[in-house]
Amino acid sequence: MTRDRYNPTEVEPKWQKRWAADKLYQVIERADKPKWYALTMFPYPSGDLHIGHWFAMAPSDVQARFRRMEGYNVMHPMGFDAFGLPAENAAIKRGVHPYEWTFQNIERMRGQLQSMGSSYDWSREIVTCVPEYYRWTQWLFLKLYEAGLAYRALAPANWCPRCQTVLANEQVGGDGQCERCETPVTKRNLEQWFLRITRYAEELLNFDGLEWPERVKIMQTNWIGRSEGAELAFPLEGHPDLELRFFTTRPDTVFGATFMVLAPEHPLVQQITTPDQRAEVEEYVDKAIHESEIERLATDREKTGVFTGAYARNVFSGAQIPIWIADYVLAGYGTGAIMAVPAHDTRDFAFARKYGLPIPVVIAPPDWDGQELTEAYTSSGTMVNSGPFDGLPSDQGKRAVIEAAESRSIGTAAVTYRLRDWLISRQRYWGAPIPVVYCDKCGIVPVPEDDLPVLLPPDAEFLPTGESPLKYHQAFLNTTCPTCGGPARRETDTMDTFICSSWYFLRYASPDFDRSAFDPEKVDYWLPVDQYTGGVEHACMHLLYARFFTKALRDMGLVRFGEPFTRLFNQGTIVTGGRKMSKSRGNVVNPDDYVRKMGADAVRMYLMFVGPWEQGGEWSDSGIGGMQRFLNRVWSLVLSDDAAPTAAQDEADLRELRRIMHRTIKKVTEDISTFQFNTMLAALMEYTNYLVKARESSVYRTPAWSEAIEALLLMLAPSVPHVAEELWERTGRPYSIHNQPWPRWEETQVAAETMTVVIQINGKVRDKLVIPAETGEEEIRKLTLERERVREFLNGGTLQKFFYVPGRLVNLVIR
């Protein structure tokens with residue numbers, strides 16, 4: 001053997017070809033091993049991978065490889081979330097069809113993922129934009145429709161005027177702009193398709209059995225936004241057939257409701273507005289619907305509104321109260337109407353002050369003296385000015401008001417959620433067509449399952465306006481009704497791309513199955529996913545939608561479990577110049593350059609060593625050079641042909657070698673199991689440094705040395721698969737290292753045989769003890785006081801205090 005330096009340009013392609021030819025990472029269902037489904041969120045094929053993609057994928061690949069060596073039957077698939085607006089924009093700007101643009105990108109990205117040395121089972125690859133996949137997306141839509149979970153309704157929608165499409169609430173940024181193009185989002189009333197995710201709101205709040213980050217649970221809980229209270233109804237003056245229904249979390253304040261507020265989009269606005277107020281109301285409505293929800297709900301914004309001219313009757317106080325419209329009330333939340341209690345709500349207080357509306361106190365703060373409030377009191381207190389409920393504490397008052405409302409049939413206890421039904425209609429081409437047609441005779445008619453998929457026409461003409469070309473494609477638009485055979489029109493909206501990613505993890509179990517969306521037997525074997533990894537930014541979209549889909553499929557009898565991902569880990573972000581990598585910012589780092597110069601294994605190592613995976617870190621060219629030097633150090637250590645030392649074997653050296661080896665195996669195993677990759681690599685570096693020194697001792701070329709080197713290679717294998725495989729082969733071991741069992745540690749070997757305890761006297765080091773590791777404190781005290789150096793200080797002095805820090809030091813205070 002020689003000390004030739006590691007050459008990644010030769011070694012890495014060699015093993016990637018060998019692994020692919022041998023189908024090393026292809027798996028089937030097996031009864032002799034426990035299964036482990038390791039899944040990383042699949043990427044959108046937007047072009048070349050940058051180092052941020054590698055940061056998400058390489059460390060998760062390390063853990064999948066580790067589980068394989070632990071003895072699991074590991075499925076680790078990869079695919080592409082390939083529908084989406086960027087491909088359609090590319091078609092408009094570059095004159096290239098979205099399909100062509102998408103698959104050019106997929107080819108590049110697939111090659112880059114393979115160059116990473118990943119252990120993906122490419123035989124299971126899925127691409128969501130091909131008919132073989134979106135046929136089953138459409139099939140699942142029909143199943144949801146049959147179950148009453150998909151419906152069409154007229155509703156105000158977030159509209160991006162630049163993208164010419166509807167956006168879900170989750171796709172509107174915190175500044176009220178389209179998350180894709182940053183154009184201010186407006187509102188439009190449109191007939192659109194929804195999924196009834198709200199039917200599962202309560203169950204989605206239950207995370208029992210899930211090993212998920214606490215912050216994701218909190219984010220989903222807040223997004224679902226459960227509120228308990230009452231739904232009440234006030235009659236409308238002059239409109240005996242109408243009533244105004246609203247939800248409140250504070251029924252105890254109902255006597256303080258001195259006006260009502262409707263969202264400008266509320267359907268009652270047009271019916272109840274009086275002629276003398278109509279012009280002002282219509283002007284206000286037009287202005288409000290062109291503002292984003294973020295703008296309308298801003299807490300520091302001055303509250304505005306317009307009186308409709310209409311009144312409601314507060315059935316509790318008996319008062320006639322005016323009905324206003326205001327943009328801080330949203331049609332999509334609750335009933336789109338509120339009772340305004342200005343004394344006990346901050347927004348209502350500001351509104352009432354501005355427009356001169358009464359502000360009676362109905363919940364008395366502690367020690368209230370009966371005077372007017374200078375600001376809204378929003379906490380609990382005692383009911384006052386509330387008729388028969390005076391004197392009740394708020395909590396009792398809430399229940400009492402609800403009971404009174406129920407007895408009079410004017411209200412009931414209710415639970416409401418911030419979560420809205422999922423709007424899935426998108427006015428664009430590059431998405432899965434919604435499989436329904438519209439017939440003048442039969443109405444909405446689902447496309448029969450045998451006629452799926454409804455194909456996207458390949459000859460669509462993309463307009464510079466961004467409008468969906470499906471609206472103008474006559475061959476696609478015009479069809480026949482499956483029920484009556486008469487003329488019908490196809491739905492021209494396509495589905496939100498989050499539909500595709502809400503079930504893709506099921507398709508991996510049987511990607512070629514052609515009788516259903518997935519093979520039930522294989523799904524029973526592989527699902528749910530054992531370990532899911534991806535960014536926390538998906539908490540309230542993809543992760544929530546996937547949970548909803550799974551629960552709905554369970555209730556339809558299509559799967560036997562209710563949660564898709566048992567464990568979830570969110571990686572952080574790799575940044576350059578302190579900023580997240582983005583093509584639009586021009587700060588992306590291309591991994592291909594570093595793979596060519598230093599090898600994929602060095603890049604993989606650096607991405608894990610840069611910092612805790614859940615936090616991320618700053619990319620550094622100098623940092624990756626350190627990884628390359630470490631790999632060369634390992635290479636030289638393993639392939640060293642130095643002559644063996646002539647010294648006889650020292651049993652103490654052998655025991656120390658085994659102890660450090662077992663200690664390192666334990667540390668690496670624990671760290672890799674919990675995604676602590678940076679400390680795992682630090683332990684391997686420390687172990688390597690020890691072996692370099694131990695090579696000069698009597699343990700070199702002993703059976704224990706061979707065992708220690710083998711353990712080093714096995715522990716390195718998940719992180720640096722090419723280097724480990726090459727060295728495994730060069731040292732005469734059987735192919736493949738990735739088929740070998742993970743090394744085990746023995747707890748009895750981990751503990752140190754001896755420990756060194758430093759002796760300090762009055763804060764200064766004076767001596768030390770080298771004693772058996774199991775020595776107790778009383779024995780350590782005895783041995784310390786017997787030491788000659790200590791006795792010198794005690795001669796003529798008095799021991800005042802004795803401090804012992806276990807395993808580390810003794811401090812004596814002698815006066």
# chains A, B, ... in the order shown; residues from 1 in each chain; ligands from 1
call {"tool": "residues_around", "arguments": {"residues": "region 563-576 of chain A", "least_positions_apart": "3", "cutoff": "7 Å", "atoms": "only C-alpha atoms", "output": "ChimeraX atom specification"}}
result
/A:52,55-56,210-213,528-536,546-547,550-551,579-581,587,613-619
call {"tool": "select_by_dssp", "arguments": {"residues": "region 40-130 of chain A", "states": "helix (DSSP H, G or I)", "output": "MDAnalysis selection string"}}
result
chainID A and resid 51:69 85:94 98:115 122:124
call {"tool": "residues_around", "arguments": {"residues": "Ile424 (chain A)", "least_positions_apart": "4", "cutoff": "12 Å", "atoms": "only C-alpha atoms", "output": "ChimeraX atom specification"}}
result
/A:141,150-153,157-158,165-171,191-197,420,428,431-434,493-500,545
call {"tool": "closest_residue", "arguments": {"among": "A:Arg65, A:Lys93, A:Arg135, A:His50", "to": "Phe513 (chain A)", "atoms": "only C-alpha atoms"}}
result
A:Arg135
call {"tool": "residues_around", "arguments": {"residues": "region 510-512 of chain A", "least_positions_apart": "4", "cutoff": "12 Å", "atoms": "only C-alpha atoms", "output": "NGL selection string"}}
result
:A and (27-29 or 75 or 77-79 or 121-128 or 132-133 or 136 or 504-506 or 516-527)
call {"tool": "residues_around", "arguments": {"residues": "His722 (chain A)", "least_positions_apart": "2", "cutoff": "8 Å", "atoms": "only C-alpha atoms", "output": "JSON list (two decimals) with C-alpha atoms, in the first residue's frame"}}
result
[["chain", "number", "residue", "atom", "x", "y", "z"],
["A", 11, "VAL", "CA", -12.83, 7.85, -6.55],
["A", 12, "GLU", "CA", -16.28, 9.48, -6.47],
["A", 15, "TRP", "CA", -18.29, 4.41, -6.70],
["A", 117, "GLY", "CA", -23.22, 10.63, -3.31],
["A", 601, "ASP", "CA", -17.42, 14.19, 0.56],
["A", 717, "ALA", "CA", -19.31, 5.87, 5.94],
["A", 720, "VAL", "CA", -18.21, 10.54, 3.46],
["A", 724, "ALA", "CA", -15.06, 5.26, 3.22],
["A", 725, "GLU", "CA", -15.92, 2.84, 0.41],
["A", 726, "GLU", "CA", -12.53, 3.32, -1.28]]
call {"tool": "residues_around", "arguments": {"residues": "region 655-657 of chain A", "least_positions_apart": "2", "cutoff": "9 Å", "atoms": "only C-alpha atoms", "output": "PyMOL selection string"}}
result
chain A and resi 650-653+659-662+690-691+694+699+704-705+708+749+752-753
call {"tool": "write_last_selection", "arguments": {"atoms": "N, CA and C atoms", "output": "PDB file, in the first residue's frame"}}
result
ATOM      1  N   ASP A 650       1.796  -3.034  24.985  1.00  0.00           N
ATOM      2  CA  ASP A 650       1.537  -2.548  26.335  1.00  0.00           C
ATOM      3  C   ASP A 650       0.042  -2.682  26.608  1.00  0.00           C
ATOM      4  N   GLU A 651      -0.315  -3.445  27.626  1.00  0.00           N
ATOM      5  CA  GLU A 651      -1.723  -3.684  27.917  1.00  0.00           C
ATOM      6  C   GLU A 651      -2.464  -2.392  28.239  1.00  0.00           C
ATOM      7  N   ALA A 652      -1.785  -1.477  28.885  1.00  0.00           N
ATOM      8  CA  ALA A 652      -2.433  -0.191  29.196  1.00  0.00           C
ATOM      9  C   ALA A 652      -2.770   0.560  27.910  1.00  0.00           C
ATOM     10  N   ASP A 653      -1.861   0.535  26.933  1.00  0.00           N
ATOM     11  CA  ASP A 653      -2.134   1.189  25.650  1.00  0.00           C
ATOM     12  C   ASP A 653      -3.313   0.539  24.942  1.00  0.00           C
ATOM     13  N   ARG A 659     -10.939   1.790  24.909  1.00  0.00           N
ATOM     14  CA  ARG A 659     -11.824   2.729  25.609  1.00  0.00           C
ATOM     15  C   ARG A 659     -12.179   3.916  24.722  1.00  0.00           C
ATOM     16  N   ILE A 660     -11.198   4.493  24.071  1.00  0.00           N
ATOM     17  CA  ILE A 660     -11.460   5.660  23.221  1.00  0.00           C
ATOM     18  C   ILE A 660     -12.298   5.256  22.012  1.00  0.00           C
ATOM     19  N   MET A 661     -12.058   4.077  21.460  1.00  0.00           N
ATOM     20  CA  MET A 661     -12.861   3.616  20.329  1.00  0.00           C
ATOM     21  C   MET A 661     -14.332   3.467  20.736  1.00  0.00           C
ATOM     22  N   HIS A 662     -14.585   2.799  21.857  1.00  0.00           N
ATOM     23  CA  HIS A 662     -15.968   2.583  22.296  1.00  0.00           C
ATOM     24  C   HIS A 662     -16.633   3.903  22.676  1.00  0.00           C
ATOM     25  N   TYR A 690      -6.248  11.023  17.726  1.00  0.00           N
ATOM     26  CA  TYR A 690      -5.727  10.045  18.687  1.00  0.00           C
ATOM     27  C   TYR A 690      -5.056   8.877  17.969  1.00  0.00           C
ATOM     28  N   LEU A 691      -5.692   8.379  16.893  1.00  0.00           N
ATOM     29  CA  LEU A 691      -5.121   7.231  16.176  1.00  0.00           C
ATOM     30  C   LEU A 691      -3.787   7.591  15.523  1.00  0.00           C
ATOM     31  N   ALA A 694      -1.467   7.262  18.277  1.00  0.00           N
ATOM     32  CA  ALA A 694      -1.357   5.871  18.727  1.00  0.00           C
ATOM     33  C   ALA A 694      -0.584   5.016  17.741  1.00  0.00           C
ATOM     34  N   VAL A 699       0.386  -0.325  20.083  1.00  0.00           N
ATOM     35  CA  VAL A 699      -0.878  -0.888  19.593  1.00  0.00           C
ATOM     36  C   VAL A 699      -0.911  -1.002  18.077  1.00  0.00           C
ATOM     37  N   ALA A 704      -6.272  -5.138  17.742  1.00  0.00           N
ATOM     38  CA  ALA A 704      -7.045  -4.014  18.280  1.00  0.00           C
ATOM     39  C   ALA A 704      -6.926  -2.787  17.382  1.00  0.00           C
ATOM     40  N   TRP A 705      -5.739  -2.576  16.798  1.00  0.00           N
ATOM     41  CA  TRP A 705      -5.551  -1.464  15.861  1.00  0.00           C
ATOM     42  C   TRP A 705      -6.435  -1.643  14.629  1.00  0.00           C
ATOM     43  N   ALA A 708      -9.880  -0.804  15.458  1.00  0.00           N
ATOM     44  CA  ALA A 708     -10.075   0.637  15.628  1.00  0.00           C
ATOM     45  C   ALA A 708     -10.182   1.347  14.284  1.00  0.00           C
ATOM     46  N   GLN A 749     -16.689  -0.630  28.442  1.00  0.00           N
ATOM     47  CA  GLN A 749     -15.453  -0.170  27.831  1.00  0.00           C
ATOM     48  C   GLN A 749     -15.377   1.352  27.746  1.00  0.00           C
ATOM     49  N   ALA A 752     -13.689   5.517  31.831  1.00  0.00           N
ATOM     50  CA  ALA A 752     -12.242   5.607  32.004  1.00  0.00           C
ATOM     51  C   ALA A 752     -11.810   4.743  33.179  1.00  0.00           C
ATOM     52  N   GLU A 753     -10.638   4.112  33.075  1.00  0.00           N
ATOM     53  CA  GLU A 753     -10.117   3.294  34.167  1.00  0.00           C
ATOM     54  C   GLU A 753      -9.587   4.164  35.295  1.00  0.00           C
TER      55      GLU A 753
END
call {"tool": "residues_around", "arguments": {"residues": "Asp276 (chain A)", "least_positions_apart": "4", "cutoff": "9 Å", "atoms": "only C-alpha atoms", "output": "number ranges by chain"}}
result
A: 280, 308-309
call {"tool": "write_last_selection", "arguments": {"atoms": "C-alpha atoms", "output": "PDB file, in the first residue's frame"}}
result
ATOM      1  CA  GLU A 280     -70.461  56.643   0.692  1.00  0.00           C
ATOM      2  CA  THR A 308     -74.806  52.033   6.656  1.00  0.00           C
ATOM      3  CA  GLY A 309     -77.904  53.875   7.876  1.00  0.00           C
TER       4      GLY A 309
END
call {"tool": "atom_distance", "arguments": {"atom1": "CA of Pro342 (chain A)", "atom2": "CA of Lys354 (chain A)"}}
result
11.2 Å
call {"tool": "select_by_dssp", "arguments": {"residues": "region 159-309 of chain A", "states": "strand (DSSP E)", "output": "JSON, numbers by chain"}}
result
{"A": [159, 160, 165, 166, 167, 186, 187, 188, 189, 190, 191, 192, 193, 194, 195, 226, 227, 228, 229, 230, 231, 232, 233, 234, 235, 236, 239, 240, 241, 242, 243, 244, 245, 246, 247, 248, 259, 260, 261, 262, 305, 306, 307, 308, 309]}
call {"tool": "closest_residue", "arguments": {"among": "A:Ala352, A:Trp635, A:Arg766, A:Cys481", "to": "Thr731 (chain A)", "atoms": "only C-alpha atoms"}}
result
A:Trp635
call {"tool": "atom_distance", "arguments": {"atom1": "CA of Ile410 (chain A)", "atom2": "CA of Pro235 (chain A)"}}
result
9.4 Å
call {"tool": "closest_atom_pairs", "arguments": {"of": "region 487-570 of chain A", "to": "region 436-446 of chain A", "cutoff": "6 Å", "atoms": "only C-alpha atoms", "output": "tab-separated table"}}
result
residue	atom	partner	partner_atom	distance
A:Ala488	CA	A:Cys439	CA	4.6
A:Arg489	CA	A:Tyr438	CA	5.1
A:Arg490	CA	A:Val437	CA	4.3
A:Glu491	CA	A:Val437	CA	5.6
call {"tool": "atom_distance", "arguments": {"atom1": "CA of Glu283 (chain A)", "atom2": "CA of Phe351 (chain A)"}}
result
19.1 Å
call {"tool": "closest_residue", "arguments": {"among": "A:Asn689, A:Ser118, A:Asn7, A:Thr274", "to": "Leu712 (chain A)", "atoms": "only C-alpha atoms"}}
result
A:Asn689
